[in-house]
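As provided, structure08.cif (mmCIF, C-alpha atoms and all ligand atoms; chains and numbers go by the auth columns) reads as follows.
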```
data_work
loop_
_atom_site.group_PDB
_atom_site.id
_atom_site.type_symbol
_atom_site.label_atom_id
_atom_site.label_comp_id
_atom_site.label_asym_id
_atom_site.label_seq_id
_atom_site.Cartn_x
_atom_site.Cartn_y
_atom_site.Cartn_z
_atom_site.B_iso_or_equiv
_atom_site.auth_seq_id
_atom_site.auth_asym_id
ATOM 1 C CA MET A 1 -87.617 -41.068 44.216 0.00 1 X
ATOM 2 C CA SER A 2 -84.858 -38.660 45.069 0.00 2 X
ATOM 3 C CA THR A 3 -83.006 -39.201 48.334 0.00 3 X
ATOM 4 C CA TYR A 4 -83.436 -35.456 48.731 0.00 4 X
ATOM 5 C CA PRO A 5 -87.146 -34.985 48.009 0.00 5 X
ATOM 6 C CA HIS A 6 -87.041 -31.233 48.516 0.00 6 X
ATOM 7 C CA VAL A 7 -83.877 -30.454 46.566 0.00 7 X
ATOM 8 C CA LYS A 8 -84.256 -27.251 44.584 0.00 8 X
ATOM 9 C CA PHE A 9 -82.239 -24.556 42.899 0.00 9 X
ATOM 10 C CA LEU A 10 -81.595 -21.730 45.344 0.00 10 X
ATOM 11 C CA THR A 11 -79.512 -19.016 43.700 0.00 11 X
ATOM 12 C CA SER A 12 -76.586 -18.254 41.384 0.00 12 X
ATOM 13 C CA ALA A 13 -73.624 -16.042 42.190 0.00 13 X
ATOM 14 C CA ALA A 14 -71.533 -14.360 39.516 0.00 14 X
ATOM 15 C CA GLU A 15 -69.891 -12.083 42.092 0.00 15 X
ATOM 16 C CA ALA A 16 -68.580 -12.559 45.614 0.00 16 X
ATOM 17 C CA HIS A 17 -71.395 -10.548 47.220 0.00 17 X
ATOM 18 C CA GLN A 18 -74.063 -12.800 45.687 0.00 18 X
ATOM 19 C CA LEU A 19 -73.235 -15.990 47.626 0.00 19 X
ATOM 20 C CA ALA A 20 -76.147 -17.682 49.409 0.00 20 X
ATOM 21 C CA PRO A 21 -76.362 -16.969 53.168 0.00 21 X
ATOM 22 C CA ASP A 22 -73.471 -18.732 54.922 0.00 22 X
ATOM 23 C CA VAL A 23 -75.528 -20.821 57.360 0.00 23 X
ATOM 24 C CA GLY A 24 -75.682 -24.548 58.120 0.00 24 X
ATOM 25 C CA ARG A 25 -73.573 -26.907 55.998 0.00 25 X
ATOM 26 C CA GLU A 26 -72.759 -27.196 52.330 0.00 26 X
ATOM 27 C CA VAL A 27 -70.778 -29.513 50.058 0.00 27 X
ATOM 28 C CA ALA A 28 -69.179 -28.056 46.931 0.00 28 X
ATOM 29 C CA PHE A 29 -68.611 -29.846 43.623 0.00 29 X
ATOM 30 C CA ALA A 30 -65.680 -28.748 41.474 0.00 30 X
ATOM 31 C CA GLY A 31 -63.935 -29.973 38.356 0.00 31 X
ATOM 32 C CA ARG A 32 -62.682 -29.165 34.898 0.00 32 X
ATOM 33 C CA SER A 33 -65.272 -28.215 32.326 0.00 33 X
ATOM 34 C CA ASN A 34 -66.664 -31.398 30.815 0.00 34 X
ATOM 35 C CA SER A 35 -65.367 -33.600 33.645 0.00 35 X
ATOM 36 C CA GLY A 36 -68.937 -34.762 34.342 0.00 36 X
ATOM 37 C CA LYS A 37 -69.661 -32.494 37.296 0.00 37 X
ATOM 38 C CA SER A 38 -73.282 -31.662 36.431 0.00 38 X
ATOM 39 C CA THR A 39 -73.966 -35.294 35.580 0.00 39 X
ATOM 40 C CA ALA A 40 -72.506 -36.362 38.937 0.00 40 X
ATOM 41 C CA ILE A 41 -74.680 -33.863 40.842 0.00 41 X
ATOM 42 C CA ASN A 42 -77.760 -35.141 39.030 0.00 42 X
ATOM 43 C CA ALA A 43 -76.793 -38.777 39.716 0.00 43 X
ATOM 44 C CA VAL A 44 -76.089 -38.244 43.403 0.00 44 X
ATOM 45 C CA THR A 45 -79.330 -36.315 43.933 0.00 45 X
ATOM 46 C CA GLN A 46 -81.300 -38.577 41.541 0.00 46 X
ATOM 47 C CA ARG A 47 -82.622 -35.483 39.811 0.00 47 X
ATOM 48 C CA ALA A 48 -82.108 -35.692 36.075 0.00 48 X
ATOM 49 C CA GLY A 49 -82.383 -32.003 35.290 0.00 49 X
ATOM 50 C CA LEU A 50 -81.072 -30.369 38.459 0.00 50 X
ATOM 51 C CA ALA A 51 -77.637 -29.282 37.272 0.00 51 X
ATOM 52 C CA ARG A 52 -77.667 -28.865 33.539 0.00 52 X
ATOM 53 C CA VAL A 53 -75.494 -31.147 31.437 0.00 53 X
ATOM 54 C CA SER A 54 -73.740 -29.015 28.902 0.00 54 X
ATOM 55 C CA ARG A 55 -72.516 -29.670 25.393 0.00 55 X
ATOM 56 C CA THR A 56 -70.790 -26.270 25.294 0.00 56 X
ATOM 57 C CA PRO A 57 -68.608 -26.396 28.389 0.00 57 X
ATOM 58 C CA GLY A 58 -66.852 -23.456 29.962 0.00 58 X
ATOM 59 C CA ARG A 59 -69.455 -20.786 29.297 0.00 59 X
ATOM 60 C CA THR A 60 -70.911 -20.401 32.741 0.00 60 X
ATOM 61 C CA GLN A 61 -68.864 -18.722 35.453 0.00 61 X
ATOM 62 C CA LEU A 62 -71.549 -18.998 38.082 0.00 62 X
ATOM 63 C CA ILE A 63 -71.596 -20.575 41.503 0.00 63 X
ATOM 64 C CA ASN A 64 -74.937 -22.388 41.646 0.00 64 X
ATOM 65 C CA PHE A 65 -76.495 -23.181 45.021 0.00 65 X
ATOM 66 C CA PHE A 66 -78.996 -26.007 45.496 0.00 66 X
ATOM 67 C CA GLU A 67 -80.937 -26.436 48.699 0.00 67 X
ATOM 68 C CA LEU A 68 -81.479 -29.951 50.089 0.00 68 X
ATOM 69 C CA THR A 69 -83.086 -28.754 53.310 0.00 69 X
ATOM 70 C CA PRO A 70 -83.107 -25.206 54.715 0.00 70 X
ATOM 71 C CA GLU A 71 -79.620 -25.561 56.241 0.00 71 X
ATOM 72 C CA ARG A 72 -78.043 -28.066 53.848 0.00 72 X
ATOM 73 C CA ARG A 73 -76.776 -27.143 50.389 0.00 73 X
ATOM 74 C CA LEU A 74 -74.939 -28.467 47.348 0.00 74 X
ATOM 75 C CA VAL A 75 -72.796 -25.992 45.490 0.00 75 X
ATOM 76 C CA ASP A 76 -71.901 -26.330 41.810 0.00 76 X
ATOM 77 C CA LEU A 77 -68.667 -24.371 41.344 0.00 77 X
ATOM 78 C CA PRO A 78 -67.801 -23.040 37.867 0.00 78 X
ATOM 79 C CA GLY A 79 -65.657 -25.419 35.804 0.00 79 X
ATOM 80 C CA TYR A 80 -62.090 -24.663 34.792 0.00 80 X
ATOM 81 C CA GLY A 81 -59.545 -25.709 32.206 0.00 81 X
ATOM 82 C CA PHE A 82 -61.516 -24.610 29.175 0.00 82 X
ATOM 83 C CA ALA A 83 -58.910 -23.385 26.648 0.00 83 X
ATOM 84 C CA LYS A 84 -61.000 -20.710 24.911 0.00 84 X
ATOM 85 C CA VAL A 85 -61.850 -18.652 27.988 0.00 85 X
ATOM 86 C CA PRO A 86 -60.545 -15.048 27.804 0.00 86 X
ATOM 87 C CA GLU A 87 -57.944 -13.981 30.356 0.00 87 X
ATOM 88 C CA ARG A 88 -60.278 -11.594 32.233 0.00 88 X
ATOM 89 C CA VAL A 89 -62.805 -14.434 32.688 0.00 89 X
ATOM 90 C CA ARG A 90 -60.042 -16.705 34.001 0.00 90 X
ATOM 91 C CA ILE A 91 -58.938 -14.036 36.506 0.00 91 X
ATOM 92 C CA HIS A 92 -62.523 -13.488 37.620 0.00 92 X
ATOM 93 C CA TRP A 93 -62.891 -17.249 38.143 0.00 93 X
ATOM 94 C CA LEU A 94 -59.736 -17.323 40.261 0.00 94 X
ATOM 95 C CA GLU A 95 -60.814 -14.370 42.399 0.00 95 X
ATOM 96 C CA LEU A 96 -64.311 -15.773 42.894 0.00 96 X
ATOM 97 C CA MET A 97 -62.961 -19.204 43.900 0.00 97 X
ATOM 98 C CA GLN A 98 -60.391 -17.766 46.299 0.00 98 X
ATOM 99 C CA HIS A 99 -63.059 -15.620 47.888 0.00 99 X
ATOM 100 C CA TYR A 100 -65.434 -18.573 48.202 0.00 100 X
ATOM 101 C CA PHE A 101 -62.847 -20.848 49.842 0.00 101 X
ATOM 102 C CA ASN A 102 -61.577 -18.082 52.112 0.00 102 X
ATOM 103 C CA VAL A 103 -64.883 -16.926 53.554 0.00 103 X
ATOM 104 C CA ARG A 104 -67.183 -19.915 53.458 0.00 104 X
ATOM 105 C CA GLU A 105 -67.788 -21.143 57.005 0.00 105 X
ATOM 106 C CA SER A 106 -70.573 -23.537 56.001 0.00 106 X
ATOM 107 C CA LEU A 107 -68.373 -25.431 53.517 0.00 107 X
ATOM 108 C CA VAL A 108 -67.694 -28.876 54.998 0.00 108 X
ATOM 109 C CA GLY A 109 -66.132 -30.660 52.049 0.00 109 X
ATOM 110 C CA LEU A 110 -65.285 -30.649 48.373 0.00 110 X
ATOM 111 C CA ILE A 111 -66.254 -33.321 45.876 0.00 111 X
ATOM 112 C CA LEU A 112 -63.753 -33.042 43.066 0.00 112 X
ATOM 113 C CA ILE A 113 -64.733 -34.538 39.722 0.00 113 X
ATOM 114 C CA VAL A 114 -61.767 -35.742 37.668 0.00 114 X
ATOM 115 C CA ASP A 115 -62.206 -37.483 34.307 0.00 115 X
ATOM 116 C CA SER A 116 -60.674 -40.926 34.886 0.00 116 X
ATOM 117 C CA ARG A 117 -59.121 -40.812 31.405 0.00 117 X
ATOM 118 C CA ARG A 118 -57.174 -37.642 32.265 0.00 118 X
ATOM 119 C CA GLY A 119 -56.295 -38.083 35.936 0.00 119 X
ATOM 120 C CA LEU A 120 -55.486 -35.233 38.326 0.00 120 X
ATOM 121 C CA GLY A 121 -54.369 -31.984 36.726 0.00 121 X
ATOM 122 C CA GLU A 122 -52.673 -28.898 38.112 0.00 122 X
ATOM 123 C CA GLN A 123 -55.905 -27.016 38.717 0.00 123 X
ATOM 124 C CA ASP A 124 -57.490 -30.041 40.380 0.00 124 X
ATOM 125 C CA VAL A 125 -54.564 -30.138 42.791 0.00 125 X
ATOM 126 C CA ALA A 126 -54.958 -26.393 43.438 0.00 126 X
ATOM 127 C CA MET A 127 -58.643 -26.913 44.339 0.00 127 X
ATOM 128 C CA LEU A 128 -57.678 -29.693 46.753 0.00 128 X
ATOM 129 C CA GLU A 129 -55.025 -27.503 48.344 0.00 129 X
ATOM 130 C CA TRP A 130 -57.511 -24.672 48.888 0.00 130 X
ATOM 131 C CA VAL A 131 -59.960 -26.835 50.823 0.00 131 X
ATOM 132 C CA LEU A 132 -57.321 -28.744 52.762 0.00 132 X
ATOM 133 C CA ALA A 133 -55.678 -25.468 53.794 0.00 133 X
ATOM 134 C CA ARG A 134 -59.031 -24.528 55.323 0.00 134 X
ATOM 135 C CA GLY A 135 -59.165 -27.786 57.302 0.00 135 X
ATOM 136 C CA ARG A 136 -61.975 -29.217 55.175 0.00 136 X
ATOM 137 C CA ARG A 137 -62.325 -32.658 53.601 0.00 137 X
ATOM 138 C CA ALA A 138 -62.137 -33.674 49.959 0.00 138 X
ATOM 139 C CA HIS A 139 -63.405 -36.661 47.996 0.00 139 X
ATOM 140 C CA VAL A 140 -62.285 -37.308 44.421 0.00 140 X
ATOM 141 C CA LEU A 141 -64.647 -38.937 41.931 0.00 141 X
ATOM 142 C CA LEU A 142 -62.723 -40.475 39.025 0.00 142 X
ATOM 143 C CA SER A 143 -65.588 -39.967 36.605 0.00 143 X
ATOM 144 C CA LYS A 144 -66.712 -41.699 33.384 0.00 144 X
ATOM 145 C CA SER A 145 -65.079 -44.944 34.536 0.00 145 X
ATOM 146 C CA ASP A 146 -67.322 -46.756 32.023 0.00 146 X
ATOM 147 C CA LYS A 147 -65.005 -45.312 29.342 0.00 147 X
ATOM 148 C CA ILE A 148 -61.900 -47.162 30.510 0.00 148 X
ATOM 149 C CA ASN A 149 -61.019 -50.819 31.045 0.00 149 X
ATOM 150 C CA ARG A 150 -60.256 -52.561 34.290 0.00 150 X
ATOM 151 C CA ARG A 151 -56.481 -52.205 34.014 0.00 151 X
ATOM 152 C CA ASP A 152 -56.636 -48.456 33.329 0.00 152 X
ATOM 153 C CA SER A 153 -59.160 -47.845 36.107 0.00 153 X
ATOM 154 C CA ASP A 154 -56.952 -49.753 38.569 0.00 154 X
ATOM 155 C CA ARG A 155 -53.993 -47.666 37.473 0.00 155 X
ATOM 156 C CA VAL A 156 -55.715 -44.234 37.677 0.00 156 X
ATOM 157 C CA LEU A 157 -57.144 -45.113 41.089 0.00 157 X
ATOM 158 C CA LYS A 158 -53.712 -46.132 42.372 0.00 158 X
ATOM 159 C CA GLU A 159 -52.016 -43.034 40.932 0.00 159 X
ATOM 160 C CA THR A 160 -54.645 -40.673 42.322 0.00 160 X
ATOM 161 C CA LEU A 161 -54.512 -42.279 45.765 0.00 161 X
ATOM 162 C CA ALA A 162 -50.733 -41.880 45.735 0.00 162 X
ATOM 163 C CA ALA A 163 -51.024 -38.206 44.698 0.00 163 X
ATOM 164 C CA CYS A 164 -53.635 -37.571 47.409 0.00 164 X
ATOM 165 C CA ALA A 165 -51.734 -39.042 50.329 0.00 165 X
ATOM 166 C CA ASP A 166 -53.536 -36.823 52.840 0.00 166 X
ATOM 167 C CA ALA A 167 -55.830 -38.283 55.466 0.00 167 X
ATOM 168 C CA ALA A 168 -58.485 -35.691 54.583 0.00 168 X
ATOM 169 C CA VAL A 169 -58.764 -36.896 50.959 0.00 169 X
ATOM 170 C CA SER A 170 -60.536 -40.004 49.721 0.00 170 X
ATOM 171 C CA VAL A 171 -60.788 -41.267 46.134 0.00 171 X
ATOM 172 C CA GLN A 172 -63.175 -43.548 44.235 0.00 172 X
ATOM 173 C CA LEU A 173 -64.056 -44.627 40.709 0.00 173 X
ATOM 174 C CA PHE A 174 -67.378 -43.246 39.511 0.00 174 X
ATOM 175 C CA SER A 175 -69.680 -43.485 36.528 0.00 175 X
ATOM 176 C CA ALA A 176 -73.069 -41.868 36.279 0.00 176 X
ATOM 177 C CA HIS A 177 -73.732 -43.931 33.158 0.00 177 X
ATOM 178 C CA SER A 178 -72.987 -47.377 34.641 0.00 178 X
ATOM 179 C CA LYS A 179 -74.041 -46.150 38.121 0.00 179 X
ATOM 180 C CA ARG A 180 -70.713 -47.253 39.553 0.00 180 X
ATOM 181 C CA GLY A 181 -69.984 -45.665 42.912 0.00 181 X
ATOM 182 C CA ILE A 182 -73.073 -43.457 43.170 0.00 182 X
ATOM 183 C CA GLU A 183 -74.031 -44.898 46.573 0.00 183 X
ATOM 184 C CA THR A 184 -70.504 -44.424 47.882 0.00 184 X
ATOM 185 C CA ALA A 185 -70.372 -40.800 46.741 0.00 185 X
ATOM 186 C CA ARG A 186 -73.775 -40.100 48.272 0.00 186 X
ATOM 187 C CA ALA A 187 -72.716 -41.675 51.576 0.00 187 X
ATOM 188 C CA VAL A 188 -69.637 -39.431 51.741 0.00 188 X
ATOM 189 C CA MET A 189 -71.714 -36.341 51.013 0.00 189 X
ATOM 190 C CA ASP A 190 -74.446 -37.321 53.487 0.00 190 X
ATOM 191 C CA GLY A 191 -71.861 -37.974 56.197 0.00 191 X
ATOM 192 C CA TRP A 192 -70.361 -34.516 55.740 0.00 192 X
ATOM 193 C CA LEU A 193 -73.756 -32.822 55.665 0.00 193 X
ATOM 194 C CA ALA A 194 -75.017 -34.699 58.712 0.00 194 X
ATOM 195 C CA GLY A 195 -71.910 -33.840 60.682 0.00 195 X
ATOM 196 C CA THR A 196 -71.246 -37.435 61.713 0.00 196 X
ATOM 197 C CA ASP A 197 -67.514 -37.090 60.986 0.00 197 X
ATOM 198 C CA GLU A 198 -64.899 -34.778 62.459 0.00 198 X
ATOM 199 C CA ALA A 199 -64.872 -32.388 59.489 0.00 199 X
ATOM 200 C CA GLY A 200 -66.486 -29.005 59.294 0.00 200 X
ATOM 201 C CA PRO A 201 -67.539 -26.264 61.670 0.00 201 X
HETATM 202 N N1 LIG B . -69.514 -42.116 29.314 0.00 301 X
HETATM 203 C C1 LIG B . -69.846 -41.243 30.253 0.00 301 X
HETATM 204 N N2 LIG B . -70.060 -39.954 29.908 0.00 301 X
HETATM 205 C C2 LIG B . -70.362 -39.076 30.889 0.00 301 X
HETATM 206 C C3 LIG B . -70.487 -39.466 32.256 0.00 301 X
HETATM 207 N N3 LIG B . -70.760 -38.370 32.992 0.00 301 X
HETATM 208 C C4 LIG B . -70.828 -37.326 32.112 0.00 301 X
HETATM 209 N N4 LIG B . -70.596 -37.748 30.846 0.00 301 X
HETATM 210 C C5 LIG B . -70.619 -36.921 29.617 0.00 301 X
HETATM 211 O O1 LIG B . -69.604 -35.937 29.676 0.00 301 X
HETATM 212 C C6 LIG B . -70.047 -34.709 29.100 0.00 301 X
HETATM 213 C C7 LIG B . -69.903 -33.575 30.108 0.00 301 X
HETATM 214 O O2 LIG B . -70.761 -33.790 31.214 0.00 301 X
HETATM 215 P P1 LIG B . -71.226 -32.598 32.181 0.00 301 X
HETATM 216 O O3 LIG B . -71.899 -33.239 33.331 0.00 301 X
HETATM 217 O O4 LIG B . -71.968 -31.556 31.421 0.00 301 X
HETATM 218 O O5 LIG B . -69.794 -32.035 32.606 0.00 301 X
HETATM 219 P P2 LIG B . -69.445 -30.683 33.394 0.00 301 X
HETATM 220 O O6 LIG B . -69.035 -29.679 32.360 0.00 301 X
HETATM 221 O O7 LIG B . -68.274 -31.078 34.238 0.00 301 X
HETATM 222 O O8 LIG B . -70.639 -30.280 34.207 0.00 301 X
HETATM 223 C C8 LIG B . -71.499 -34.928 28.685 0.00 301 X
HETATM 224 O O9 LIG B . -71.517 -35.228 27.319 0.00 301 X
HETATM 225 C C9 LIG B . -71.917 -36.135 29.514 0.00 301 X
HETATM 226 O O10 LIG B . -72.933 -36.893 28.922 0.00 301 X
HETATM 227 C C10 LIG B . -70.284 -40.864 32.579 0.00 301 X
HETATM 228 O O11 LIG B . -70.371 -41.331 33.719 0.00 301 X
HETATM 229 N N5 LIG B . -69.968 -41.688 31.531 0.00 301 X
HETATM 230 MG MG MG B . -71.639 -28.479 34.239 0.00 302 X
#
```
Output the structure of this file as structure tokens.
Amino acid sequence: MSTYPHVKFLTSAAEAHQLAPDVGREVAFAGRSNSGKSTAINAVTQRAGLARVSRTPGRTQLINFFELTPERRLVDLPGYGFAKVPERVRIHWLELMQHYFNVRESLVGLILIVDSRRGLGEQDVAMLEWVLARGRRAHVLLSKSDKINRRDSDRVLKETLAACADAAVSVQLFSAHSKRGIETARAVMDGWLAGTDEAGP
């Protein structure tokens, strides 16, 4: 059974004025297209079809809101880094993200999905900077860790920890396929949503 028995899709926003009401607490998930973001949301919520897993990444530029309870939400932010996206779509993405991070009072933390084979990229770092500048927390999931060996996973974890030397950022290895780190990720998210740490409003 899902840890969030009442989790359901709430709404999608293509434009700034379409965001869900800014009440309670929410945790946002961000990452490059194809980093495993939808798969991670499904794994953490134990809902196979909640966020769709895509074979044609980069098409959707929507912010998707999922409701856990009436005042607790998960937010699936549109992916980035997809080479074939037209310039106007890229600019729209940037404006929508900046708006979201600037106005969102209910945002308590960001879960950033980074493919463990790629490591942190420029846009990943920009996402981290946006949330940290707002005094929020961040947690990096080094995803698809089943695809790399022990030595490479040790190395990417060490490098990412070194690059994220900020007390508000934590990092872990994660694999939805091998189920590595799902409990840890869920505990971080639950802690933020419950308000048992110092982060958030
Ligand atoms: N091996 C492996 N593949 C994964 C894992 N998580 C996601 N994937 C695959 O990566 C691709 C992109 O996943 P998706 O969740 O749609 O990525 P998104 O674009 O970031 O939402 C899909 O083919 C997934 O099956 C994982 O933990 N291990
Ligand atoms: Mg996705």
- Message: To check your reading of the model: which residues sit at most 12 Å from ligand MG 302 (chain X) when counting only C-alpha atoms and all ligand atoms? Write the answer as a ChimeraX atom specification.
- Response: /X:29-42,49-64,75-80,82,113
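Between CA of Ala48 (chain X) and CA of Arg73 (chain X) the separation is 17.5 Å.
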- Task: Apply the PyMOL selection byres (((chain X and resi 139) around 7) and not hetatm) to the structure shown and report the selected residues as an MDAnalysis selection string.
- Result: chainID X and resid 110:112 137:138 140:141 169:171
- Message: Counting only C-alpha atoms, I want the residues whose atoms come within 12 Å of (-66.0, -20.4, 55.5) in the file frame, returned as a VMD selection string.
- Response: chain X and resid 19 21 to 28 98 to 109 130 to 131 133 to 136 200 to 201
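Here CA of His177 (chain X) is placed at a distance of 19.5 Å from CA of Met189 (chain X).
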- I would like the residues chosen by the PyMOL selection byres (((chain X and resi 145) around 7) and not hetatm) on the shown file; could you give them as a ChimeraX atom specification? /X:116,142-144,146-148,153,173-175
